[in-house]
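These notes concern the structure reproduced below.
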Amino acid sequence: MARYLVNRVAAMAGILLLVCLFTYAVFFLFSPDPAVQICGKTCTPERIDQIRDNLGLDQPFWSQFLTFLKGIFVGRSYGDGVSAVQCSAPCLGYSFQSSQPVTDMMLQRLPVSATVAIGAAVLWLLGGVSAGLLSAVREGTWVDKTLTGLTLGGMSIPNYVLALVLQYVLVVRLQWLPFPQAVPFSDDPVQWFLNFVMPWIVLAVGYAAAYTRLTRANVIDTLQENFLRTARAKGLAPRLVWRRHALRPALTPVVTVFGMDFAGLLGGALITETVFGLNGVGKLAADSIAKNDQPVIMGVTLLAAFFVVIGNVVVDLVYTVIDPRVRVGT
Amino acid sequence: MNRRFALTVALSAATALGLSACSGGSSNTPTNATGGQSGTSFTATPTKGGTVQVLQNTDFSYLDPARGFDGGVNNFYRLIYRTLTTSAPGNAKDPNAIVPDLATSLGKPSADGLTWTYTLKKGLKFDDGSAITAATVKFGIERSWDPQIGIGSPYAKQVIDAPKSYQGPYKSGELSTIETPDESTIVFHLKKPFPEFDAVVAQVNMVPFPQGSGAGDEFINKVVASGPYKLATFTPGSIVKLERNPNWDQSTDDVRTAMPDGWQFNIGIDPATIDERLLAGQGSDVDAISGTIQASTLPRLQTPQLKGRTLTMPGICTTYMGLNTTKKPLDDVRVRQAINLAIDKTAVQNATGGTQLATLTSTIVPTTVAGHKDFDLYPSTGNTGDVAAAKKLLADAGQANGFSMELDQRTLPVAQKQSEAVQESLKKIGITVNLNPIDASKYYETIGTPTQQHDAAITGWCPDWSSSAATFIPPLFDGRNILPKGNSNLSQLDDPAVNKRIDEIGAMTDIDAANTAWGDLDEQIMKLAPVVPLNVAQYVYLPGSNVTGLFASPGAAAGGIDYVLVGLRDPNKK
């Protein structure tokens, strides 16, 4: 187990390093000159050179990349003397447009993205898995058909459309909910819930539909397995048959997909956050793309990659717990 | 410099309170200053207390006034910062005027115009309680020379004398050309006489700061307030909350009324959602203002209640089409005049969003900026273009059969519609206009590079101060300012008479006489027809029903609603 973990972490580090190198290369090659961005409106060529020199922008690619990598572990500073700005570890770059370290910008917004992701995940897991189970148990009945129809609808509706429709109905017309704002839980739990519930629903609907289908298909498959017939034949209580023998193998693929989906969302729910004006990592990415703020786009890319890679490792570990057939060689 | 138009318009239109009013620079009443159904006025005096909500899409560029410099943030700065002089409040008799703020009076120039002296008022304090002295004013201004910090307004560096190697107080220490003989006197030495120095001192980068503060990125998240409010909460990209600065003294301030107890800027809201919230007007949104509403929302404002809440203010930025005078046959003045005559400005106005979002203009300097003169050298019925007269001029120029030209076009829906309207107009006189789409992010860079620009381009210009046309005419038409990159003289007009006149007017010490002269120069330039003035963007607001004190400030707010006068009718209304 320990060796497995070490291997996985090493592989993870390797992947992240590659992602770093790739994104850095892309942005190094295609990004507008940060010196020009800092220089502002009354820019002279001498000042551009001075800024390039200050920030080490005149160094070759590999040297800049190593400085960037070093910054992730030990931090770095941009500029020199009293007007140098400190970017402490893990330094994922510096936004010259907003004069802030990228890591700080992301950390400020991460709680909002996490709130959106966790709330939506709870909704879609509860909704999707239970609807999938119900559908599988009642396979072929009107319940199953209705749910299948609904999932098709849920998967088809683009979430920006759903967001605007819900906002119009629930906020403008019925006035049941406020226009969403990122109210911290610690400020006012009730308002926190009321403000986030609509983004959760919007984000959860598409996932819930997919999870319903996935759960339904897996459970139906599993119910036809021999070991289940054996379990029933030997007289095991139906509840135990379900819990011990059917659900576990049926839900393993759901866990896999969930790990990836959830990890991806921690890197920002771009559309939902933007439509509702929630200041999360996804909205940061959207805004930065509009402003061509390359260091931030790169930072968000790396953060998302980081979460997905971690998510994968966690999923693999959880696997071994829920499915006894999967065991790690020692 | 075209970037400035992009920035100002984008920021003020989409986000903070946009551009606005005051026609002729004298009347200060917004065109629609009285509310409809209840007869309540947008300009009624607010009651003390409460929090004004501002809904905006884009974040402020910088809290640091040495860095930020655009229509959206300049207005905000006046709530937290003060300068020696500033633009008159929006309700002043002449809101384009420059008035004293921290100083007891406007500057006193020496006989040779090279030395300007200001005296500070008594009892001025920062929000930390320390005194605002001549030394702190000097220090704040010195920050403009720091290569990394002083990226905002360029005028201090252009006008105040300084050693070439000077790099701000953190790197180079004190600047010897700004003297502080005592606690309350500050003396500036200029490179050459600059009669409008009071407008330079009113720029946002002239804010005082305690000596030694604000190095590096200290002021990115922090403010040392000199105005009536200080920073309470700052979450970049999301919320900026201001609360009262207890050390600000109303008796020292003739500009700001500071009626609300606080301000909350809600940032990052989708523009369509902002409009929905303003239309719905629920909860704290009755206390809300925002930038100009979306064109798509306009048709929904036709109900009596909403009509009564709609406030329209003309802007200070001119949208125009520059004609590259170095290209054939545009080098012939008759061809340029023919184009001026032929353009259907009404069609271009419709493409811009209709009569509510743009007013027609025949001059370069808009009515809202001092130095405007009324004239129309290329009139036509209904402003739809005079095809016959245009054709005659083209024939005189030997272009009776027309020609084809390239129009650079920004890849945005409005720009595309405008370009197509121009294309249609010129087709009628035999000119084939080929559109050359350029990605919005590269547009200004491309047209500002003479080797890359084509025959014509539609762009705009906003002045840096509205008390004269000194930041309107010279950047666009001074032939000695044709730069290889970042060029704002799009027509590349280099006319000796115009250049000479620019210098003469710039040296006039009587600002009123200078403004009359700027107006005449506007007409003189339009005779050469290097540009086609198209329209002036106008802004439509839908303020919450509890908000009042809404006056336009061309100088402080790029023409938009002047924050320093805004307040609530009833702070206890819920």
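Here's how to read the names in the structure tokens: chain A, B, ... by the order shown, residue numbers from 1 in each chain, ligand numbers from 1 in the order shown.
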
Exercise. Kindly provide, as a ChimeraX atom specification, the residues of chain B having any atom no farther than 10 Å from an atom of chain A, counting only C-alpha atoms.
Key: /B:1-4,57-62,67-69,146-155,157-158,170-171,214-221,235-239,266-274,276-277,279-283,441,486

I'd like to know which residues of region 157-194 of chain B are helix (DSSP H, G or I) (by DSSP, run on the backbone); could you write them as a tab-separated table (two decimals) with N, CA and C atoms, in the first residue's frame?
chain	number	residue	atom	x	y	z
B	157	LYS	N	4.22	63.86	-15.02
B	157	LYS	CA	5.54	63.62	-15.59
B	157	LYS	C	5.80	64.46	-16.83
B	158	GLN	N	4.72	64.76	-17.57
B	158	GLN	CA	4.91	65.54	-18.79
B	158	GLN	C	5.16	67.02	-18.50
B	159	VAL	N	4.56	67.51	-17.42
B	159	VAL	CA	4.53	68.96	-17.21
B	159	VAL	C	5.52	69.42	-16.13
B	168	GLY	N	10.90	58.21	-8.83
B	168	GLY	CA	9.98	58.14	-7.70
B	168	GLY	C	10.68	58.12	-6.37
B	169	PRO	N	9.92	58.33	-5.28
B	169	PRO	CA	10.52	58.53	-3.96
B	169	PRO	C	11.17	57.29	-3.38
B	170	TYR	N	10.71	56.10	-3.78
B	170	TYR	CA	11.26	54.88	-3.17
B	170	TYR	C	12.65	54.59	-3.70
B	171	LYS	N	12.87	54.91	-4.99
B	171	LYS	CA	14.16	54.59	-5.61
B	171	LYS	C	15.10	55.78	-5.62
B	172	SER	N	14.52	56.99	-5.88
B	172	SER	CA	15.39	58.15	-6.10
B	172	SER	C	15.27	59.22	-5.01

Self-check item: Contact residues around Thr115 (chain A) with only C-alpha atoms at 9 Å, ignoring same-chain residues under 4 positions, as a ChimeraX atom specification
Solution: /A:110-111,119-120,196,200

Exercise. Tell me, as a ChimeraX atom specification, which residues lie within 10 Å of Val183 (chain A), counting only C-alpha atoms; anything in the same chain fewer than 3 positions away does not count.
Key: /A:112,180,186-196,278

Would you mind listing what lies within 8 Å of Val200 (chain B) as an mmCIF file with N, CA and C atoms, in the first residue's frame, with only C-alpha atoms counted and same-chain residues fewer than 3 positions away left out?
data_model
loop_
_atom_site.group_PDB
_atom_site.id
_atom_site.type_symbol
_atom_site.label_atom_id
_atom_site.label_comp_id
_atom_site.auth_asym_id
_atom_site.auth_seq_id
_atom_site.Cartn_x
_atom_site.Cartn_y
_atom_site.Cartn_z
ATOM 1 N N TYR B 155 0.208 63.197 -16.895
ATOM 2 C CA TYR B 155 0.447 64.637 -17.024
ATOM 3 C C TYR B 155 1.483 65.198 -16.051
ATOM 4 N N ALA B 156 1.543 64.668 -14.826
ATOM 5 C CA ALA B 156 2.542 65.184 -13.885
ATOM 6 C C ALA B 156 3.932 65.053 -14.488
ATOM 7 N N GLU B 196 -2.824 75.558 -18.002
ATOM 8 C CA GLU B 196 -3.871 74.731 -17.404
ATOM 9 C C GLU B 196 -3.321 73.834 -16.299
ATOM 10 N N PHE B 197 -2.311 74.277 -15.579
ATOM 11 C CA PHE B 197 -1.697 73.427 -14.559
ATOM 12 C C PHE B 197 -2.693 72.995 -13.481
ATOM 13 N N GLN B 203 -5.626 65.898 -11.494
ATOM 14 C CA GLN B 203 -5.581 64.507 -11.949
ATOM 15 C C GLN B 203 -5.491 63.568 -10.745
#

Practice problem: Write out as a list in words each polymer residue whose atoms come within 9 Å of Gly353 (chain B), counting only C-alpha atoms; drop sequence neighbours fewer than 5 positions from it. | Solution: Ala295, Val348, Ala358 and Val414 of chain B

Residue neighbourhood Thr318 (chain B), 8 Å, only C-alpha atoms, exclusion window fewer than 3 positions, as an mmCIF file with N, CA and C atoms, in the first residue's frame:
data_model
loop_
_atom_site.group_PDB
_atom_site.id
_atom_site.type_symbol
_atom_site.label_atom_id
_atom_site.label_comp_id
_atom_site.auth_asym_id
_atom_site.auth_seq_id
_atom_site.Cartn_x
_atom_site.Cartn_y
_atom_site.Cartn_z
ATOM 1 N N THR B 361 -23.273 64.180 -33.958
ATOM 2 C CA THR B 361 -22.370 65.316 -33.805
ATOM 3 C C THR B 361 -21.768 65.687 -35.149
ATOM 4 N N ILE B 364 -15.861 67.908 -33.633
ATOM 5 C CA ILE B 364 -14.971 66.947 -32.993
ATOM 6 C C ILE B 364 -15.167 67.002 -31.475
ATOM 7 N N VAL B 365 -15.169 68.217 -30.924
ATOM 8 C CA VAL B 365 -15.339 68.375 -29.480
ATOM 9 C C VAL B 365 -16.843 68.358 -29.171
ATOM 10 N N PRO B 366 -17.299 67.433 -28.319
ATOM 11 C CA PRO B 366 -18.736 67.342 -28.064
ATOM 12 C C PRO B 366 -19.254 68.514 -27.217
ATOM 13 N N GLY B 460 -12.951 56.172 -31.154
ATOM 14 C CA GLY B 460 -13.518 57.251 -30.366
ATOM 15 C C GLY B 460 -12.451 57.913 -29.523
ATOM 16 N N TRP B 461 -12.812 59.034 -28.921
ATOM 17 C CA TRP B 461 -11.864 59.722 -28.065
ATOM 18 C C TRP B 461 -12.599 60.338 -26.880
ATOM 19 N N CYS B 462 -12.025 60.174 -25.686
ATOM 20 C CA CYS B 462 -12.538 60.828 -24.490
ATOM 21 C C CYS B 462 -11.429 61.738 -23.965
ATOM 22 N N PRO B 533 -16.865 63.089 -37.802
ATOM 23 C CA PRO B 533 -17.463 62.915 -36.474
ATOM 24 C C PRO B 533 -18.812 62.212 -36.641
ATOM 25 N N LEU B 534 -19.047 61.142 -35.910
ATOM 26 C CA LEU B 534 -20.270 60.369 -36.119
ATOM 27 C C LEU B 534 -21.301 60.635 -35.027
ATOM 28 N N ASN B 535 -20.960 60.297 -33.798
ATOM 29 C CA ASN B 535 -21.911 60.558 -32.721
ATOM 30 C C ASN B 535 -21.213 60.580 -31.373
ATOM 31 N N VAL B 536 -21.965 60.983 -30.366
ATOM 32 C CA VAL B 536 -21.473 61.005 -28.995
ATOM 33 C C VAL B 536 -22.315 60.016 -28.214
ATOM 34 N N ALA B 537 -21.654 59.038 -27.623
ATOM 35 C CA ALA B 537 -22.391 58.010 -26.878
ATOM 36 C C ALA B 537 -23.176 58.667 -25.748
#

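For the atom pair formed by CA of Val161 (chain A) and CA of Thr411 (chain B), the distance is 25.2 Å, given to one decimal.
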
Quiz prompt | Those of region 23-147 of chain A in DSSP strand (DSSP E or B), formatted as a ChimeraX atom specification | solution = /A:76-78,85-87,94-95,100-101

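For the pair CA of Pro299 (chain B) and CA of Gln349 (chain B), the separation is 16.7 Å.
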
Self-check item: Length of the CA of Ala135 (chain B) to CA of Pro210 (chain B) vector [Å]
Solution: 8.4 Å

Quiz item: Counting only C-alpha atoms, which of A:Leu21, A:Pro249, A:Ser113, A:Val197 gets nearest to Trp62 (chain A)?
Solution: A:Leu21

Quiz item: With only C-alpha atoms as the atoms that count, which of B:Ala469, B:Ile458, B:Val73, B:Ala415 lies nearest to Ile505 (chain B)?
Solution: B:Ala469

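Among A:Tyr24, A:Thr222, A:Leu18, A:Arg232, the residue with the shortest atom-to-atom distance to Ala136 (chain A), counting only C-alpha atoms, is A:Thr222.
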
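The shortest atom-to-atom distance to Thr326 (chain B), with only C-alpha atoms taken into account, belongs to B:Pro450 out of B:Pro304, B:Pro95, B:Pro450, B:Gly107.
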